[in-house]
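Colleague: Got coords_15.cif for you, mmCIF, C-alpha atoms and all ligand atoms:
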data_work
#
loop_
_atom_site.label_atom_id
_atom_site.label_comp_id
_atom_site.auth_asym_id
_atom_site.auth_seq_id
_atom_site.Cartn_x
_atom_site.Cartn_y
_atom_site.Cartn_z
CA MET I 1 155.54 192.27 164.84
CA ALA I 2 156.46 190.02 161.93
CA ASN I 3 157.41 187.54 164.63
CA LEU I 4 153.93 187.80 166.02
CA LEU I 5 152.37 186.52 162.81
CA LYS I 6 154.86 183.65 162.83
CA LYS I 7 153.42 182.46 166.13
CA ILE I 8 149.96 182.08 164.67
CA ARG I 9 149.08 178.77 163.05
CA ILE I 10 146.14 177.99 160.83
CA VAL I 11 144.79 174.51 161.53
CA LEU I 12 142.47 172.85 159.01
CA VAL I 13 140.52 169.85 160.25
CA GLU I 14 139.74 167.04 157.79
CA THR I 15 139.51 169.22 154.71
CA SER I 16 137.73 167.37 151.89
CA HIS I 17 138.83 169.38 148.86
CA PRO I 18 142.56 169.78 148.27
CA GLY I 19 141.82 172.89 146.18
CA ASN I 20 140.65 174.57 149.37
CA ILE I 21 143.96 173.76 151.07
CA GLY I 22 145.75 175.53 148.20
CA GLY I 23 143.36 178.48 148.48
CA VAL I 24 144.11 178.69 152.21
CA ALA I 25 147.88 178.68 151.55
CA ARG I 26 147.47 181.56 149.12
CA ALA I 27 145.30 183.53 151.55
CA MET I 28 147.89 182.93 154.28
CA LYS I 29 150.82 184.13 152.20
CA ASN I 30 148.89 187.28 151.23
CA MET I 31 148.55 188.02 154.94
CA LYS I 32 152.10 187.00 155.99
CA LEU I 33 151.01 183.86 157.81
CA ASP I 34 153.05 180.75 157.16
CA GLN I 35 152.26 178.09 159.74
CA LEU I 36 149.81 175.62 158.21
CA TYR I 37 148.70 172.49 160.09
CA LEU I 38 146.51 169.88 158.43
CA VAL I 39 144.61 167.40 160.58
CA SER I 40 143.90 164.23 158.55
CA PRO I 41 143.30 165.93 155.19
CA ASN I 42 141.26 163.87 152.74
CA ILE I 43 143.74 164.24 149.85
CA PHE I 44 147.17 165.85 150.31
CA PRO I 45 149.55 166.60 148.65
CA SER I 46 147.69 167.20 145.44
CA ALA I 47 148.05 169.00 142.11
CA ASP I 48 144.78 170.83 142.86
CA ALA I 49 146.20 172.24 146.06
CA THR I 50 149.39 173.38 144.33
CA SER I 51 147.52 175.02 141.49
CA ARG I 52 145.13 176.91 143.81
CA ALA I 53 148.09 178.01 145.97
CA SER I 54 149.28 180.11 142.98
CA GLY I 55 152.81 180.62 144.18
CA ALA I 56 152.33 179.95 147.87
CA ASP I 57 153.74 176.44 147.39
CA GLU I 58 156.31 176.82 150.14
CA ILE I 59 153.51 177.02 152.69
CA LEU I 60 152.10 173.74 151.35
CA ALA I 61 155.55 172.14 151.35
CA ALA I 62 156.11 173.13 154.98
CA ALA I 63 152.58 172.17 156.14
CA LYS I 64 152.56 169.85 159.14
CA ILE I 65 150.27 166.87 158.87
CA CYS I 66 148.74 165.65 162.15
CA ASP I 67 146.53 162.72 163.11
CA SER I 68 144.45 164.66 165.60
CA LEU I 69 143.49 168.20 166.54
CA GLN I 70 145.07 167.66 169.97
CA GLU I 71 148.38 166.96 168.29
CA ALA I 72 148.12 170.10 166.10
CA ILE I 73 147.52 172.41 169.04
CA SER I 74 149.51 170.68 171.79
CA ASP I 75 152.07 173.52 172.18
CA CYS I 76 149.56 176.39 171.85
CA THR I 77 148.48 178.62 174.72
CA LEU I 78 145.57 180.22 172.94
CA VAL I 79 143.19 178.37 170.62
CA PHE I 80 140.29 179.80 168.62
CA GLY I 81 137.72 177.64 166.85
CA ALA I 82 136.22 179.30 163.76
CA SER I 83 132.56 178.46 163.41
CA ALA I 84 129.84 179.68 161.09
CA ARG I 85 127.03 178.23 163.18
CA ASP I 86 125.36 179.16 166.45
CA ARG I 87 125.91 176.41 168.94
CA THR I 88 123.39 175.19 171.47
CA LEU I 89 126.07 175.09 174.18
CA SER I 90 127.52 178.49 174.82
CA TRP I 91 131.19 179.05 174.11
CA PRO I 92 132.54 182.57 174.48
CA VAL I 93 132.20 184.03 170.97
CA LEU I 94 134.41 186.77 169.57
CA ALA I 95 134.21 188.45 166.17
CA ALA I 96 137.27 187.94 163.94
CA ARG I 97 138.46 191.50 164.62
CA GLU I 98 138.21 191.05 168.39
CA CYS I 99 140.21 187.82 168.15
CA ALA I 100 142.92 189.58 166.16
CA GLU I 101 143.08 192.40 168.70
CA LYS I 102 143.23 189.90 171.56
CA ILE I 103 146.12 188.06 169.94
CA VAL I 104 148.06 191.19 169.04
CA SER I 105 147.64 192.83 172.44
CA ASP I 106 148.75 189.73 174.35
CA GLY I 107 152.20 190.67 175.64
CA ASN I 108 153.49 187.17 176.42
CA LEU I 109 152.38 185.58 173.26
CA THR I 110 153.42 182.00 172.66
CA ASN I 111 151.85 179.82 169.97
CA VAL I 112 148.30 180.58 168.91
CA ALA I 113 146.05 178.33 166.83
CA ILE I 114 143.03 179.24 164.77
CA VAL I 115 141.14 176.10 163.88
CA PHE I 116 138.88 175.77 160.84
CA GLY I 117 136.40 172.96 160.27
CA ARG I 118 135.29 170.62 157.50
CA GLU I 119 133.60 172.08 154.42
CA ASN I 120 130.41 170.07 154.92
CA SER I 121 130.02 169.92 158.69
CA GLY I 122 132.40 172.40 160.36
CA LEU I 123 133.91 171.54 163.76
CA THR I 124 132.38 169.08 166.24
CA ASN I 125 131.45 170.17 169.75
CA GLN I 126 134.27 167.95 171.07
CA GLU I 127 136.72 169.87 168.89
CA LEU I 128 135.34 173.20 170.07
CA ASP I 129 135.82 171.98 173.66
CA LEU I 130 139.57 172.18 172.94
CA CYS I 131 139.24 175.88 172.03
CA HIS I 132 139.35 178.85 174.40
CA PHE I 133 137.12 181.00 172.22
CA LEU I 134 134.82 180.60 169.30
CA LEU I 135 135.64 182.90 166.40
CA ARG I 136 132.81 184.23 164.27
CA ILE I 137 133.09 186.19 161.04
CA PRO I 138 130.15 188.59 161.12
CA CYS I 139 128.06 188.16 157.96
CA ASN I 140 124.56 187.57 156.59
CA PRO I 141 122.81 185.48 159.29
CA ALA I 142 120.70 183.82 156.59
CA PHE I 143 123.83 182.70 154.68
CA SER I 144 126.63 182.55 157.18
CA SER I 145 128.93 179.83 155.89
CA LEU I 146 131.94 181.17 153.98
CA ASN I 147 134.12 179.04 151.75
CA LEU I 148 137.02 177.70 153.84
CA ALA I 149 139.74 179.73 152.06
CA ALA I 150 137.55 182.85 152.17
CA ALA I 151 137.14 182.41 155.94
CA VAL I 152 140.91 182.09 156.37
CA GLN I 153 141.34 185.18 154.18
CA VAL I 154 139.10 187.31 156.38
CA VAL I 155 140.71 186.14 159.61
CA GLY I 156 144.21 186.57 158.11
CA TYR I 157 143.33 190.09 157.01
CA GLU I 158 142.21 191.07 160.50
CA LEU I 159 145.41 189.62 161.96
CA PHE I 160 147.54 191.45 159.42
CA VAL I 161 145.83 194.80 159.99
CA ALA I 162 145.93 194.43 163.77
CA SER I 163 149.64 193.58 163.75
CA GLU I 164 150.47 196.49 161.42
CA GLN I 165 148.55 198.91 163.63
CA ARG I 166 150.33 197.58 166.67
CA GLN I 167 153.69 198.13 165.00
CA GLU I 168 152.76 201.65 163.95
CA HIS I 169 151.55 202.44 167.45
CA LYS I 170 154.82 201.15 168.93
CA LEU I 171 156.84 203.25 166.52
CA LEU I 172 154.82 206.37 167.26
CA THR I 173 155.07 205.94 171.00
CA SER I 174 158.77 205.07 170.99
CA GLU I 175 159.71 208.07 168.84
CA ARG I 176 157.62 210.57 170.74
CA GLU I 177 158.75 212.92 173.47
CA ALA I 178 157.10 212.52 176.85
CA LEU I 179 153.51 213.72 176.83
CA ALA I 180 152.92 217.11 178.47
CA THR I 181 151.70 216.98 182.05
CA SER I 182 148.49 218.71 182.98
CA GLN I 183 150.55 221.35 184.81
CA GLN I 184 152.54 222.07 181.62
CA LEU I 185 149.29 222.28 179.69
CA GLU I 186 147.76 224.69 182.22
CA LEU I 187 150.78 226.98 181.90
CA PHE I 188 150.42 226.80 178.13
CA TYR I 189 146.70 227.68 178.31
CA GLN I 190 147.42 230.63 180.63
CA HIS I 191 150.09 231.78 178.21
CA LEU I 192 147.76 231.36 175.23
CA HIS I 193 145.02 233.24 177.05
CA GLN I 194 147.33 236.15 177.78
CA ALA I 195 148.81 236.22 174.28
CA LEU I 196 145.36 236.28 172.66
CA ILE I 197 144.41 239.24 174.83
CA ASP I 198 147.73 241.00 174.16
CA ILE I 199 147.34 240.74 170.40
CA GLY I 200 143.72 241.93 170.64
CA PHE I 201 142.16 238.67 169.49
CA MET I 202 139.83 238.51 172.48
CA HIS I 203 138.61 240.58 175.36
CA PRO I 204 139.42 239.33 178.90
CA ASP I 205 135.72 239.37 179.85
CA LYS I 206 134.60 237.38 176.82
CA SER I 207 137.35 234.82 176.63
CA LYS I 208 135.73 231.89 178.42
CA SER I 209 134.02 230.02 175.60
CA ILE I 210 136.86 230.62 173.13
CA MET I 211 139.38 229.30 175.64
CA ARG I 212 137.20 226.24 176.24
CA ARG I 213 137.11 225.51 172.51
CA LEU I 214 140.85 226.03 172.16
CA ARG I 215 141.49 223.67 175.07
CA ARG I 216 139.38 221.07 173.33
CA ILE I 217 141.44 221.32 170.16
CA TYR I 218 144.76 220.98 171.97
CA ASN I 219 143.53 218.29 174.35
CA ARG I 220 142.43 216.16 171.41
CA THR I 221 145.96 216.06 170.04
CA ARG I 222 147.68 215.04 173.31
CA LEU I 223 150.60 217.45 173.05
CA ASP I 224 154.07 216.35 174.07
CA THR I 225 156.57 218.54 175.93
CA LYS I 226 158.48 219.53 172.81
CA GLU I 227 155.28 220.59 171.06
CA VAL I 228 154.27 222.71 174.07
CA ASP I 229 157.70 224.38 173.93
CA ILE I 230 157.24 225.19 170.24
CA LEU I 231 153.75 226.59 170.74
CA ARG I 232 154.89 228.73 173.67
CA GLY I 233 157.81 229.99 171.58
CA ILE I 234 155.30 231.14 168.95
CA LEU I 235 153.20 232.81 171.64
CA ARG I 236 156.25 234.66 172.96
CA MET I 237 157.06 235.94 169.47
CA SER I 238 153.47 237.06 168.96
CA GLN I 239 153.70 239.02 172.18
CA GLY I 240 156.92 240.66 171.06
CA ASN I 241 158.92 238.52 173.49
CA LYS I 242 157.14 240.22 176.41
CA CYS I 243 156.37 237.11 178.34
CA ASN I 244 159.56 235.26 179.24
CA GLU I 245 158.08 232.72 181.58
N1 LIG K 1 128.86 173.77 156.67
C1 LIG K 1 129.73 174.05 157.77
C2 LIG K 1 130.57 175.26 157.52
C3 LIG K 1 131.74 174.92 156.73
S1 LIG K 1 132.65 176.25 156.18
C4 LIG K 1 128.96 174.26 159.04
O1 LIG K 1 127.75 174.20 159.00
O2 LIG K 1 129.56 174.43 160.07
C5 LIG K 1 134.25 175.66 156.62
C6 LIG K 1 134.86 176.34 157.81
O3 LIG K 1 135.08 177.71 157.52
C7 LIG K 1 134.02 176.32 159.08
O4 LIG K 1 134.14 175.13 159.79
C8 LIG K 1 134.64 177.48 159.83
O5 LIG K 1 135.83 177.06 160.46
C9 LIG K 1 134.97 178.47 158.71
N2 LIG K 1 133.88 179.45 158.54
C10 LIG K 1 133.03 179.59 157.49
N3 LIG K 1 132.18 180.61 157.69
C11 LIG K 1 132.51 181.16 158.89
C12 LIG K 1 132.02 182.25 159.67
N4 LIG K 1 131.01 183.00 159.27
N5 LIG K 1 132.61 182.51 160.85
C13 LIG K 1 133.66 181.77 161.28
N6 LIG K 1 134.17 180.73 160.61
C14 LIG K 1 133.61 180.42 159.42
#
Can you dump the structure from the file as structure tokens?
Modeller:
Amino acid sequence: MANLLKKIRIVLVETSHPGNIGGVARAMKNMKLDQLYLVSPNIFPSADATSRASGADEILAAAKICDSLQEAISDCTLVFGASARDRTLSWPVLAARECAEKIVSDGNLTNVAIVFGRENSGLTNQELDLCHFLLRIPCNPAFSSLNLAAAVQVVGYELFVASEQRQEHKLLTSEREALATSQQLELFYQHLHQALIDIGFMHPDKSKSIMRRLRRIYNRTRLDTKEVDILRGILRMSQGNKCNE
């Protein structure tokens, strides 16, 4: 999944304040992003940028400078335009978290760009025309414009969390045994039912609602075959090894 974050580039369009470029580099490094593209920055390189980067200098040093947004995104298959404002024309809008999930769940991911606008005027409609989706950070509607580096921080955080969760999910699913089939589960429930009667926990005539509740507990956990084997082993022991099914 680390590779996934490497395919995501942050594109800043005509940034006025070099300090903001440094702040963006720092936010990116915090979130394991390292592809920075600068479209016609006002002042760059700059001591202000380096000082605000606070140790993320290598991202600044490797930043690619482009003359146009088209150039910065030419090899990307998915482009998001981050915008604080509602637009009169309707672009499909996704919240930052939805964008991150979209990127992370895309199996054939090639390069992805997330484009951020100018501090004073954001992105033009022509620039947004180059984007597949508009990205919105949900916030106070009466004060919706975040500082540029803060906006990159929030988006980077969502990307980081989404990619970590994806990795964890992959690990969990790859290490797990096959999930129990509904037939295996039914045999387990029959066995449980019988064992609970055998040990005197419940009466056969009054077992319905308890069994329904027990099913709910086990169904929530999505048992795998090994786990069903273990549980049935316990049931057998509780029955004094009577049931050898
Ligand atoms: N004054 C500008 C906003 C500039 S903020 C305007 O009216 O558009 C600089 C950039 O940060 C924006 O262009 C956008 O890319 C990003 N940004 C700031 N707040 C945002 C938000 N709430 N949602 C998405 N992007 C945001």
Colleague: For Arg215 in chain I, please output as a ChimeraX atom specification all residues within 10 Å (counting all atoms listed in the file; exclusion window: fewer than 5 positions along the same chain).
Modeller: /I:185-186,188-189,192,209-210,220
Colleague: Please write out the residues within 6 Å of ligand LIG 1 (chain K) as a list in words, counting all atoms listed in the file.
Modeller: Ala82, Ser83, Ala84, Arg85, Phe116, Gly117, Arg118, Glu119, Asn120, Ser121, Gly122, Leu123, Leu135, Arg136, Ile137, Pro138, Ser144, Ser145, Leu146, Asn147, Leu148 and Ala151 of chain I
Colleague: What lies within 7 Å of range 40-56 of chain I using only C-alpha atoms, ignoring chain neighbours under 2 positions off, as JSON, numbers by chain?
Modeller: {"I": [13, 14, 15, 16, 18, 19, 20, 21, 22, 23, 25, 26, 29, 38, 58, 59, 65, 66, 67]}
Colleague: Return the single residue from I:Ser207, I:Asn219, I:Asn140, I:Asn3 that is closest to Ser163 in chain I, with distances computed using only C-alpha atoms.
Modeller: I:Asn3
Colleague: Please identify all polymer residues within 8 Å of range 91-107 of chain I, counting only C-alpha atoms, omitting same-chain residues fewer than 2 positions from it, and present them as a list in words.
Modeller: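 Skipping anything fewer than 2 positions along the chain leaves Leu4, Arg87, Leu89, Leu109, Val112, His132, Phe133, Leu134, Leu135, Arg136, Ile137, Pro138, Val154, Val155, Glu158, Leu159, Ala162, Ser163 and Arg166 of chain I.
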Colleague: CA of Val152 in chain I and CA of Leu5 in chain I are how many Å apart?
Modeller: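 Computed distance, CA of Val152 in chain I to CA of Leu5 in chain I, equals 13.9 Å.
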Colleague: Which distance in Å separates CA of His17 in chain I and CA of Ala149 in chain I, to one decimal?
Modeller: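 Value for the CA of His17 in chain I-CA of Ala149 in chain I distance: 10.9 Å.
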Colleague: So which one's closest to Glu127 in chain I, I:His191, I:Glu177, I:Lys32, I:Gly81? Using all atoms listed in the file, please.
Modeller: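 Nearest candidate to Glu127 in chain I out of I:His191, I:Glu177, I:Lys32, I:Gly81: I:Gly81.
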Colleague: To one decimal place, how far is CA of Leu60 in chain I from CA of Tyr37 in chain I in Å?
Modeller: 9.5 Å
Colleague: Given the choices I:Cys131, I:Ala180, I:Leu171, I:Ala195, which gets closest to Lys226 in chain I if the distance is worked out from all atoms listed in the file?
Modeller: I:Ala180
Colleague: Could you tell me, as a list in words, which residues have any atom at most 10 Å from (146.8, 171.0, 169.2), counting all atoms listed in the file?
Modeller: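 Final list of nearby residues, as requested, is Val11, Tyr37, Val39, Cys66, Ser68, Leu69, Gln70, Glu71, Ala72, Ile73, Ser74, Asp75, Cys76, Thr77, Val79, Val112, Ala113, Val115, Leu130 and Cys131 of chain I.
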Colleague: Pick from I:Gln167, I:Ala178, I:Val24, I:Ser238: nearest to Ile199 in chain I, with only C-alpha atoms counted?
Modeller: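 Ranking I:Gln167, I:Ala178, I:Val24, I:Ser238 by distance to Ile199 in chain I, first place goes to I:Ser238.
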Colleague: Provide an axis-aligned box for all listed atoms of range 103-118 of chain I, padding each side by 6 Å; report its centre and its edge lengths in Å to one decimal, as AutoDock Vina command-line options.
Modeller:
--center_x 144.4 --center_y 181.7 --center_z 167.0 --size_x 30.2 --size_y 34.2 --size_z 30.9
Colleague: Using all atoms listed in the file, which of the listed residues (I:Leu179, I:Gly200, I:Asp86, I:Arg213) sits closest to Ala142 in chain I?
Modeller: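 Of the candidates, the smallest distance to Ala142 in chain I is held by I:Asp86.
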